[in-house]
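Asks: Just so it is clear, I am handing over protein-v9.txt, which has compact mmCIF, C-alpha atoms.
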# COMPACT_ATOMS: atom_id res chain seq x y z
CA MET A 1 97.67 144.09 135.45
CA ASP A 2 96.58 141.87 132.58
CA LEU A 3 96.89 143.86 129.36
CA TYR A 4 94.10 141.89 127.70
CA THR A 5 91.44 142.30 130.37
CA SER A 6 91.99 145.48 132.34
CA SER A 7 91.16 149.13 131.79
CA PRO A 8 92.79 151.48 131.14
CA ASP A 9 95.64 149.21 129.93
CA LEU A 10 93.69 147.59 127.10
CA ASP A 11 91.95 150.83 126.13
CA ASN A 12 95.29 152.61 125.83
CA ALA A 13 96.91 149.72 123.97
CA LEU A 14 94.27 149.74 121.23
CA VAL A 15 94.93 153.40 120.37
CA ASP A 16 98.74 153.13 120.59
CA PRO A 17 100.22 152.87 117.08
CA ALA A 18 103.34 151.08 118.39
CA ASN A 19 101.09 148.30 119.70
CA TRP A 20 99.93 147.63 116.14
CA ALA A 21 103.43 146.71 115.00
CA ASP A 22 102.92 143.52 117.03
CA GLU A 23 100.42 141.73 114.80
CA PRO A 24 100.01 138.58 116.96
CA GLY A 25 99.54 140.72 120.07
CA ILE A 26 96.78 142.77 118.47
CA HIS A 27 94.94 139.62 117.42
CA GLU A 28 95.15 138.28 120.97
CA GLN A 29 93.67 141.50 122.34
CA PHE A 30 90.77 141.30 119.90
CA ARG A 31 90.28 137.60 120.58
CA TRP A 32 89.80 138.41 124.27
CA LEU A 33 87.45 141.30 123.51
CA ARG A 34 85.22 139.25 121.22
CA ALA A 35 84.88 136.57 123.89
CA ASN A 36 84.52 138.79 126.96
CA ASP A 37 83.59 142.38 126.08
CA PRO A 38 82.66 142.63 122.38
CA LEU A 39 80.90 145.99 122.67
CA ARG A 40 83.06 147.93 125.09
CA PHE A 41 83.03 151.61 126.03
CA LEU A 42 86.64 152.79 125.79
CA GLU A 43 88.08 155.82 127.56
CA PRO A 44 91.75 155.86 126.51
CA GLU A 45 94.03 158.62 127.74
CA GLY A 46 94.15 161.59 125.38
CA PHE A 47 91.07 160.55 123.38
CA ASP A 48 87.39 161.31 123.59
CA PRO A 49 85.59 158.09 124.65
CA PHE A 50 83.98 155.77 122.11
CA TRP A 51 82.42 152.34 121.73
CA SER A 52 84.71 149.54 120.55
CA VAL A 53 82.88 147.11 118.21
CA THR A 54 84.71 143.85 117.58
CA LYS A 55 82.09 141.37 116.31
CA TYR A 56 81.32 140.79 112.62
CA ASP A 57 77.51 140.96 112.82
CA GLU A 58 77.48 144.10 114.96
CA ILE A 59 79.92 145.90 112.66
CA LYS A 60 77.81 144.89 109.67
CA ALA A 61 74.65 146.16 111.38
CA ILE A 62 76.21 149.58 111.99
CA GLU A 63 77.66 149.78 108.46
CA GLY A 64 74.28 148.87 107.00
CA ASN A 65 72.42 151.68 108.79
CA LYS A 66 73.72 154.89 107.26
CA LYS A 67 70.78 156.95 108.53
CA VAL A 68 71.54 156.27 112.18
CA PHE A 69 75.34 155.97 111.93
CA ILE A 70 77.11 158.75 110.05
CA ASN A 71 80.74 159.44 109.17
CA ASP A 72 80.83 163.09 110.15
CA PRO A 73 82.15 164.38 112.53
CA ARG A 74 84.45 161.49 113.53
CA PRO A 75 85.27 159.13 110.64
CA THR A 76 88.61 157.90 112.04
CA LEU A 77 90.42 157.72 115.34
CA GLY A 78 92.18 160.92 116.36
CA PRO A 79 93.43 162.40 119.63
CA LYS A 80 91.31 164.75 121.71
CA GLY A 81 91.40 168.31 120.41
CA LEU A 82 92.53 167.38 116.88
CA GLN A 83 89.42 168.78 115.17
CA GLU A 84 89.69 172.01 117.12
CA MET A 85 93.35 172.29 116.08
CA VAL A 86 92.45 171.68 112.43
CA GLN A 87 89.75 174.34 112.63
CA MET A 88 92.08 176.84 114.27
CA MET A 89 95.03 176.27 111.93
CA THR A 90 93.19 175.77 108.62
CA GLY A 91 89.67 177.10 109.06
CA ARG A 92 88.31 173.72 107.98
CA ARG A 93 86.00 171.27 109.70
CA HIS A 94 88.14 168.42 108.32
CA LEU A 95 91.71 168.64 107.07
CA ILE A 96 90.69 166.43 104.14
CA ARG A 97 87.12 166.17 102.88
CA SER A 98 86.80 162.99 100.84
CA LEU A 99 84.21 160.22 100.57
CA VAL A 100 85.51 159.03 103.95
CA GLN A 101 84.31 162.19 105.70
CA MET A 102 81.04 162.55 103.79
CA ASP A 103 77.45 161.52 104.37
CA ASP A 104 74.50 161.83 101.99
CA PRO A 105 73.61 163.69 99.89
CA ASP A 106 77.23 164.62 99.06
CA HIS A 107 78.55 161.11 99.59
CA MET A 108 76.35 159.37 97.04
CA LYS A 109 76.56 162.28 94.58
CA TYR A 110 80.36 162.19 94.58
CA ARG A 111 80.63 158.42 94.75
CA MET A 112 78.56 158.02 91.59
CA LEU A 113 80.96 160.32 89.75
CA THR A 114 83.73 157.71 89.49
CA GLN A 115 81.95 154.47 90.33
CA SER A 116 81.83 153.24 86.75
CA TRP A 117 85.62 153.51 86.51
CA PHE A 118 85.96 150.77 89.10
CA MET A 119 83.22 148.43 87.87
CA GLY A 120 82.96 145.56 85.39
CA THR A 121 83.11 147.02 81.88
CA ASN A 122 85.92 149.45 82.56
CA LEU A 123 87.88 146.93 84.60
CA ARG A 124 87.75 144.48 81.73
CA LYS A 125 89.35 147.17 79.57
CA LEU A 126 92.13 147.50 82.14
CA GLN A 127 92.87 143.78 82.42
CA THR A 128 95.47 143.67 79.65
CA ARG A 129 97.40 146.63 81.07
CA VAL A 130 97.24 145.25 84.62
CA ASP A 131 98.64 141.94 83.34
CA GLU A 132 101.45 143.81 81.56
CA LEU A 133 102.37 145.66 84.73
CA ALA A 134 102.29 142.43 86.74
CA ARG A 135 104.79 140.88 84.33
CA MET A 136 106.95 143.99 84.48
CA TYR A 137 107.20 143.94 88.27
CA VAL A 138 107.79 140.18 88.45
CA ASP A 139 110.53 140.73 85.85
CA ARG A 140 112.00 143.24 88.29
CA LEU A 141 111.88 140.67 91.09
CA VAL A 142 113.54 138.07 88.87
CA GLU A 143 116.32 140.51 87.97
CA LEU A 144 117.07 141.04 91.66
CA GLY A 145 118.68 137.61 91.66
CA GLY A 146 116.86 135.52 94.21
CA GLU A 147 116.56 137.87 97.16
CA CYS A 148 114.68 141.12 97.76
CA ASP A 149 112.46 143.05 100.11
CA PHE A 150 109.11 142.21 98.59
CA VAL A 151 107.43 145.28 100.09
CA LYS A 152 110.00 147.85 99.09
CA ASP A 153 110.95 146.36 95.72
CA VAL A 154 107.60 145.14 94.37
CA ALA A 155 104.46 145.45 96.51
CA ILE A 156 104.44 149.22 96.94
CA TRP A 157 105.24 150.01 93.30
CA TYR A 158 102.95 147.75 91.30
CA PRO A 159 99.53 148.95 92.57
CA LEU A 160 100.90 152.49 92.67
CA ARG A 161 101.56 152.37 88.93
CA VAL A 162 98.10 150.93 88.25
CA ILE A 163 96.18 153.59 90.16
CA MET A 164 98.36 156.45 88.92
CA GLU A 165 97.63 155.47 85.32
CA ILE A 166 93.91 155.43 86.12
CA LEU A 167 94.10 158.76 87.95
CA GLY A 168 96.32 160.40 85.34
CA VAL A 169 99.53 161.03 87.31
CA PRO A 170 102.70 160.65 85.20
CA GLU A 171 105.23 157.97 86.13
CA GLU A 172 107.88 160.51 87.09
CA ASP A 173 105.64 161.76 89.91
CA GLU A 174 105.00 158.34 91.46
CA ALA A 175 107.80 158.62 94.01
CA LEU A 176 106.27 161.86 95.32
CA MET A 177 102.82 160.25 95.56
CA LEU A 178 104.28 157.29 97.45
CA LYS A 179 106.18 159.53 99.86
CA LEU A 180 103.13 161.66 100.61
CA THR A 181 100.90 158.59 101.03
CA GLN A 182 103.28 157.04 103.53
CA GLU A 183 103.52 160.31 105.42
CA LEU A 184 99.72 160.59 105.50
CA PHE A 185 98.72 157.02 106.41
CA GLY A 186 101.88 156.20 108.33
CA SER A 187 102.13 159.49 110.19
CA SER A 188 102.38 157.63 113.50
CA ASP A 189 105.27 155.43 112.31
CA PRO A 190 108.77 156.82 112.97
CA ASP A 191 109.97 155.48 109.61
CA ASN A 192 107.35 157.47 107.69
CA GLN A 193 106.48 160.63 109.58
CA ARG A 194 108.11 163.97 108.84
CA SER A 195 108.18 164.81 112.54
CA PHE A 196 106.00 164.59 115.63
CA GLU A 197 104.70 168.14 115.03
CA PRO A 198 101.09 168.44 113.79
CA GLU A 199 102.14 171.31 111.52
CA ASP A 200 104.18 168.86 109.47
CA PHE A 201 101.19 166.54 109.07
CA PHE A 202 99.17 169.50 107.80
CA LYS A 203 102.03 170.25 105.39
CA VAL A 204 101.67 166.77 103.89
CA VAL A 205 98.10 167.63 102.94
CA GLU A 206 99.21 171.02 101.60
CA ASP A 207 101.76 169.28 99.36
CA PHE A 208 99.08 166.93 98.04
CA GLU A 209 96.74 169.85 97.38
CA SER A 210 99.39 171.95 95.62
CA TYR A 211 100.06 169.05 93.28
CA PHE A 212 96.38 168.42 92.57
CA ASP A 213 95.60 172.13 92.12
CA GLU A 214 98.03 172.07 89.20
CA LEU A 215 96.54 168.85 87.88
CA THR A 216 93.04 170.35 88.02
CA GLU A 217 94.17 173.39 86.05
CA ALA A 218 95.85 171.19 83.43
CA ARG A 219 92.83 168.90 83.01
CA ARG A 220 90.41 171.81 82.67
CA LYS A 221 92.55 173.26 79.89
CA GLN A 222 93.04 169.90 78.21
CA PRO A 223 90.84 167.01 79.41
CA THR A 224 92.06 163.44 78.86
CA ASP A 225 90.57 160.00 79.43
CA ASP A 226 91.40 159.63 83.12
CA VAL A 227 89.83 160.05 86.54
CA ALA A 228 91.62 163.37 87.11
CA SER A 229 89.75 164.88 84.15
CA LEU A 230 86.49 163.57 85.56
CA ILE A 231 87.10 165.16 88.96
CA ALA A 232 88.49 168.41 87.56
CA ASN A 233 85.59 168.99 85.20
CA ALA A 234 82.68 167.62 87.25
CA GLN A 235 79.90 170.16 87.78
CA PHE A 236 77.01 170.06 90.20
CA ASP A 237 74.22 172.63 89.84
CA GLY A 238 76.36 174.46 87.28
CA GLU A 239 79.38 174.79 89.58
CA TYR A 240 82.70 172.97 89.72
CA MET A 241 83.30 170.81 92.75
CA PRO A 242 84.66 172.95 95.62
CA ARG A 243 88.46 172.93 95.83
CA LEU A 244 88.50 171.12 99.20
CA ASP A 245 86.19 168.39 97.92
CA ALA A 246 88.04 167.95 94.62
CA ASN A 247 91.41 167.68 96.35
CA GLY A 248 89.93 165.27 98.87
CA TYR A 249 88.70 163.13 95.99
CA TYR A 250 92.13 163.08 94.34
CA ILE A 251 93.80 162.25 97.65
CA ILE A 252 91.55 159.31 98.51
CA VAL A 253 91.99 157.81 95.03
CA ALA A 254 95.75 158.42 94.99
CA THR A 255 96.36 157.00 98.48
CA ALA A 256 93.78 154.33 99.29
CA GLY A 257 93.92 153.26 95.64
CA HIS A 258 97.33 151.68 96.11
CA ASP A 259 98.39 151.57 99.78
CA THR A 260 95.79 149.06 100.89
CA THR A 261 96.44 146.81 97.88
CA SER A 262 100.18 146.96 98.56
CA ALA A 263 99.60 145.86 102.15
CA SER A 264 97.31 143.00 101.13
CA THR A 265 99.65 141.81 98.39
CA ALA A 266 102.67 141.69 100.71
CA GLY A 267 100.71 140.19 103.60
CA GLY A 268 99.45 137.45 101.32
CA VAL A 269 102.98 136.51 100.29
CA LEU A 270 103.96 136.24 103.96
CA ALA A 271 100.89 134.08 104.68
CA LEU A 272 101.80 131.75 101.81
CA ILE A 273 105.40 131.51 103.04
CA GLU A 274 104.13 130.61 106.49
CA ASN A 275 101.66 128.11 105.01
CA PRO A 276 103.56 126.35 102.21
CA ASP A 277 100.87 123.69 101.88
CA GLN A 278 98.42 126.44 100.89
CA LEU A 279 100.85 127.85 98.33
CA ALA A 280 101.28 124.38 96.85
CA LYS A 281 97.50 123.96 96.72
CA LEU A 282 97.10 127.30 94.93
CA GLN A 283 99.86 126.57 92.43
CA ALA A 284 98.32 123.19 91.68
CA ASP A 285 94.84 124.60 91.11
CA PRO A 286 94.58 128.13 89.61
CA GLN A 287 90.79 127.87 89.94
CA LEU A 288 91.34 128.69 93.62
CA TYR A 289 92.51 132.26 92.95
CA PRO A 290 89.15 133.95 93.66
CA THR A 291 88.83 132.37 97.12
CA ALA A 292 92.57 132.70 97.76
CA ILE A 293 92.54 136.44 97.10
CA ASP A 294 89.56 136.96 99.40
CA GLU A 295 91.33 134.91 102.07
CA VAL A 296 94.45 137.05 101.74
CA ILE A 297 92.37 140.21 102.11
CA ARG A 298 90.58 138.76 105.15
CA TRP A 299 93.89 137.68 106.65
CA VAL A 300 95.58 141.07 106.23
CA THR A 301 92.66 143.55 106.55
CA PRO A 302 94.79 146.65 105.76
CA VAL A 303 92.13 149.17 106.79
CA ARG A 304 92.05 148.52 110.53
CA HIS A 305 89.04 150.68 111.35
CA PHE A 306 86.57 153.40 110.53
CA MET A 307 84.32 155.23 112.97
CA ARG A 308 80.64 156.14 112.93
CA THR A 309 78.60 158.49 115.15
CA ALA A 310 75.02 157.73 116.21
CA THR A 311 72.32 160.27 115.35
CA GLU A 312 69.86 158.62 117.74
CA ASP A 313 69.90 156.01 120.49
CA TYR A 314 70.54 152.57 119.03
CA ALA A 315 70.28 149.22 120.82
CA LEU A 316 73.06 146.83 119.88
CA GLY A 317 73.02 143.53 121.69
CA ASP A 318 72.36 144.24 125.37
CA LYS A 319 73.81 147.76 125.24
CA THR A 320 72.72 151.11 123.82
CA ILE A 321 74.87 153.49 121.80
CA LYS A 322 73.40 156.88 122.61
CA ALA A 323 72.87 159.75 120.17
CA GLY A 324 76.12 161.65 119.73
CA GLU A 325 78.33 158.75 120.81
CA SER A 326 80.89 157.33 118.38
CA ALA A 327 81.74 153.71 117.62
CA ILE A 328 84.96 152.34 116.19
CA LEU A 329 84.53 149.41 113.82
CA TRP A 330 87.51 147.06 114.11
CA TYR A 331 87.53 145.25 110.76
CA LEU A 332 90.64 143.30 111.71
CA SER A 333 88.68 141.76 114.58
CA ALA A 334 85.54 141.11 112.51
CA ASN A 335 87.59 139.10 110.04
CA ARG A 336 88.71 136.72 112.81
CA ASP A 337 85.26 136.34 114.39
CA GLU A 338 84.88 132.73 115.57
CA ASP A 339 81.08 132.90 115.21
CA VAL A 340 81.38 133.65 111.50
CA PHE A 341 84.56 131.99 110.22
CA ASP A 342 85.44 128.36 110.78
CA ALA A 343 88.92 128.16 112.35
CA PRO A 344 89.56 131.88 111.67
CA TYR A 345 93.25 131.69 112.59
CA GLU A 346 93.88 129.16 109.85
CA PHE A 347 94.89 130.52 106.44
CA ARG A 348 92.99 128.60 103.74
CA VAL A 349 93.15 129.42 100.03
CA ASP A 350 89.91 127.50 99.46
CA ARG A 351 87.89 129.15 102.25
CA LYS A 352 84.25 129.69 101.28
CA ASP A 353 82.48 129.96 104.60
CA ALA A 354 81.87 133.72 104.88
CA LYS A 355 82.35 137.14 103.33
CA GLN A 356 85.26 139.14 104.75
CA LEU A 357 84.63 142.75 105.80
CA ALA A 358 87.98 144.28 104.85
CA PHE A 359 86.28 146.44 102.20
CA GLY A 360 83.57 147.55 104.59
CA PHE A 361 79.87 147.06 103.96
CA GLY A 362 76.88 149.08 102.84
CA ALA A 363 76.93 152.60 101.41
CA HIS A 364 80.62 153.15 102.11
CA VAL A 365 81.92 149.82 100.78
CA CYS A 366 85.27 150.32 99.04
CA LEU A 367 84.97 151.63 95.47
CA GLY A 368 88.20 149.93 94.43
CA GLN A 369 87.55 146.43 95.75
CA HIS A 370 87.21 144.79 92.32
CA LEU A 371 90.32 146.54 91.01
CA ALA A 372 92.29 145.36 94.06
CA ARG A 373 91.24 141.75 93.47
CA MET A 374 92.19 142.03 89.79
CA GLU A 375 95.63 143.45 90.58
CA MET A 376 96.43 140.85 93.21
CA THR A 377 95.28 137.98 91.02
CA SER A 378 97.39 139.15 88.07
CA LEU A 379 100.52 139.58 90.18
CA TYR A 380 100.18 136.31 92.08
CA LYS A 381 99.53 134.27 88.92
CA GLU A 382 102.65 135.73 87.33
CA LEU A 383 104.76 135.47 90.47
CA PHE A 384 103.93 131.94 91.55
CA SER A 385 104.33 130.56 88.03
CA ARG A 386 107.89 131.90 87.84
CA ILE A 387 109.44 131.36 91.27
CA SER A 388 109.86 128.48 93.70
CA ASP A 389 111.43 127.77 97.10
CA LEU A 390 109.96 130.94 98.54
CA GLU A 391 111.13 131.65 102.10
CA LEU A 392 111.86 134.45 104.54
CA ALA A 393 115.27 136.11 104.39
CA GLY A 394 114.79 138.25 107.49
CA GLU A 395 112.28 139.43 110.05
CA PRO A 396 109.04 140.96 108.67
CA GLN A 397 108.23 144.39 110.07
CA TYR A 398 104.82 146.04 110.44
CA THR A 399 103.79 149.69 110.23
CA GLN A 400 102.93 151.42 113.48
CA SER A 401 99.43 152.57 112.58
CA THR A 402 95.93 152.18 113.99
CA PHE A 403 94.26 153.17 110.70
CA VAL A 404 95.83 151.73 107.53
CA GLY A 405 98.61 149.26 108.15
CA GLY A 406 100.47 146.16 107.13
CA LEU A 407 103.98 145.06 106.35
CA LYS A 408 106.60 147.72 105.75
CA SER A 409 109.39 145.21 105.17
CA LEU A 410 109.32 141.61 103.94
CA PRO A 411 112.78 140.20 103.09
CA ILE A 412 112.42 137.06 100.97
CA ARG A 413 114.53 134.48 99.11
CA TYR A 414 113.36 132.50 96.09
CA LYS A 415 114.52 130.55 93.07
CA VAL A 416 113.61 131.51 89.51
CA ARG A 417 112.08 128.69 87.49
Please express what this file holds, its structure, as structure tokens.

Replies:
Amino acid sequence: MDLYTSSPDLDNALVDPANWADEPGIHEQFRWLRANDPLRFLEPEGFDPFWSVTKYDEIKAIEGNKKVFINDPRPTLGPKGLQEMVQMMTGRRHLIRSLVQMDDPDHMKYRMLTQSWFMGTNLRKLQTRVDELARMYVDRLVELGGECDFVKDVAIWYPLRVIMEILGVPEEDEALMLKLTQELFGSSDPDNQRSFEPEDFFKVVEDFESYFDELTEARRKQPTDDVASLIANAQFDGEYMPRLDANGYYIIVATAGHDTTSASTAGGVLALIENPDQLAKLQADPQLYPTAIDEVIRWVTPVRHFMRTATEDYALGDKTIKAGESAILWYLSANRDEDVFDAPYEFRVDRKDAKQLAFGFGAHVCLGQHLARMEMTSLYKELFSRISDLELAGEPQYTQSTFVGGLKSLPIRYKVR
């Protein structure tokens, strides 16, 4: 059987986390789907069926219609029976209730609470500190003497420090936040998971919530100028945010606020190693950083998917997604769509032909997109002004994850200027 064209082989491959550690293979599967079956009804073993959406315009149409396509009850891919297990073991509809799981009116109400923290005026206040941290982590790379694992030594720590300062988590607790994030997002990867038992995955969330319960108590007693104080003390209709919602808010900021940026930062370094002419072009013309950063984010697309469920029948192309059916939006595929991007498998730091969809689109577009661009720009400017002769020192390795993924190891060699 041909893996790229036959069911159930292709259906099962797309939901298999191990398959996602083979980045070129995944892209080939999506290339075939876009050309031959762009809106495909998948019935993989062990999962409730869903529509697979691989084309840019169709994903954008679904994202832009929040009344018809909602997040609840199936915002991300999960095995059959998972929600029932969560309900039985925790009494909750969702293990975590964050902006990812919400629809209006709660979604917009909660989103507006922190939106200003991640927009222009406040970001400009953060620029100096972000630049300082970029220098600090490039100093660390320089001190490592010409060889390091860029993921493990730099990429995971730099955006972690940035978001933890914004959130209000002290530096001594960063290692715990990193460990819990990797166990949450990388729960399907043998290098990150606690075990294969679902109880241990639930325990990861419990550990997050125990930490943030204490943080809430501290910030209510003594508020400070950070996002944690905002979440802890927010009131709606005279009541504090429910504990589940508040902890979900902390968790999404603490995890997505750094893990996706780490993946993009490391993936961009690999892309520049593999395309030295593009690195030379970027170093020769710093005016290219805005397009280069967007190209890196398009190239990596760390958030592989989200899901939406139709509230009514909806015609998409020549097919109809019926009320109650779910659709998975493959952002990684959208960002290689041949009908939207010229030569999408070429990495170009000066690409201007289309907007990438790695941050999503519409009501649920990523709150932290501007912060991520700022962080990556600061680090790359510092890094590429201070090192040369950048090359691989080993085989890159990818996380086994269908949801949030990217490099988990990137051994590199370099010379300090």

Asks: When you draw a straight line from CA of Ala271 in chain A to CA of Met119 in chain A, how long is it in Å?

Replies: 28.3 Å

Asks: Given all atoms listed in the file as the basis, pick out the residue of A:Glu174, A:Glu391, A:Asp245, A:Glu375 nearest to Pro276 in chain A.

Replies: A:Glu391

Asks: Can you tell me, as an mmCIF file with C-alpha atoms, in the frame of the given file, what residues are no more than 9 Å from Pro290 in chain A when counting only C-alpha atoms, ignoring any on the same chain fewer than 3 positions away?

Replies:
data_model
loop_
_atom_site.group_PDB
_atom_site.id
_atom_site.type_symbol
_atom_site.label_atom_id
_atom_site.label_comp_id
_atom_site.auth_asym_id
_atom_site.auth_seq_id
_atom_site.Cartn_x
_atom_site.Cartn_y
_atom_site.Cartn_z
ATOM 1 C CA PRO A 286 94.580 128.130 89.610
ATOM 2 C CA GLN A 287 90.790 127.870 89.940
ATOM 3 C CA ILE A 293 92.540 136.440 97.100
ATOM 4 C CA ASP A 294 89.560 136.960 99.400
ATOM 5 C CA GLU A 295 91.330 134.910 102.070
ATOM 6 C CA VAL A 349 93.150 129.420 100.030
ATOM 7 C CA ASP A 350 89.910 127.500 99.460
ATOM 8 C CA ARG A 373 91.240 141.750 93.470
ATOM 9 C CA THR A 377 95.280 137.980 91.020
#

Asks: May I have the residues within 12 Å of range 400-403 of chain A as a count of residues only, using all atoms listed in the file and disregarding those fewer than 3 positions away in the same chain?

Replies: 49

Asks: Mind giving me the straight-line distance from CA of Ala234 in chain A to CA of Gly64 in chain A in Å, one decimal?

Replies: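 CA of Gly64 in chain A lies 28.5 Å from CA of Ala234 in chain A.
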
Asks: Smallest atom-to-atom distance to Ile59 in chain A: which of A:Glu239, A:Lys109, A:Pro24, A:Pro38, using only C-alpha atoms?

Replies: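 With only C-alpha atoms as the atom set, the closest residue is A:Pro38.
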
Asks: Using CA of Gly394 in chain A and CA of Ser409 in chain A as the two end points, give the distance in Å to one decimal.

Replies: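 Straight-line distance from CA of Gly394 in chain A to CA of Ser409 in chain A works out to 9.1 Å.
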
Asks: Mind listing as a PyMOL selection string all residues within 12 Å of (100.5, 142.6, 85.6), counting only C-alpha atoms?

Replies: chain A and resi 126-140+154-155+157-159+161-162+374-383

Asks: Print the selection's residues with C-alpha atoms to a file, as a short mmCIF file (atom, residue, chain, number, x, y, z; two decimals), in the coordinates of the input.

Replies:
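Dumped to out-v5.cif:
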data_model
loop_
_atom_site.label_atom_id
_atom_site.label_comp_id
_atom_site.auth_asym_id
_atom_site.auth_seq_id
_atom_site.Cartn_x
_atom_site.Cartn_y
_atom_site.Cartn_z
CA LEU A 126 92.13 147.50 82.14
CA GLN A 127 92.87 143.78 82.42
CA THR A 128 95.47 143.67 79.65
CA ARG A 129 97.40 146.63 81.07
CA VAL A 130 97.24 145.25 84.62
CA ASP A 131 98.64 141.94 83.34
CA GLU A 132 101.45 143.81 81.56
CA LEU A 133 102.37 145.66 84.73
CA ALA A 134 102.29 142.43 86.74
CA ARG A 135 104.79 140.88 84.33
CA MET A 136 106.95 143.99 84.48
CA TYR A 137 107.20 143.94 88.27
CA VAL A 138 107.79 140.18 88.45
CA ASP A 139 110.53 140.73 85.85
CA ARG A 140 112.00 143.24 88.29
CA VAL A 154 107.60 145.14 94.37
CA ALA A 155 104.46 145.45 96.51
CA TRP A 157 105.24 150.01 93.30
CA TYR A 158 102.95 147.75 91.30
CA PRO A 159 99.53 148.95 92.57
CA ARG A 161 101.56 152.37 88.93
CA VAL A 162 98.10 150.93 88.25
CA MET A 374 92.19 142.03 89.79
CA GLU A 375 95.63 143.45 90.58
CA MET A 376 96.43 140.85 93.21
CA THR A 377 95.28 137.98 91.02
CA SER A 378 97.39 139.15 88.07
CA LEU A 379 100.52 139.58 90.18
CA TYR A 380 100.18 136.31 92.08
CA LYS A 381 99.53 134.27 88.92
CA GLU A 382 102.65 135.73 87.33
CA LEU A 383 104.76 135.47 90.47
#

Asks: Can you list, as a list in words, every protein, DNA or RNA residue that comes within 6 Å of range 247-254 of chain A when you count only C-alpha atoms, leaving out same-chain residues fewer than 6 positions away?

Replies: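 With the cut-off at 6 Å, the set is Ile96, Arg97, Ser98 and Glu209 of chain A.
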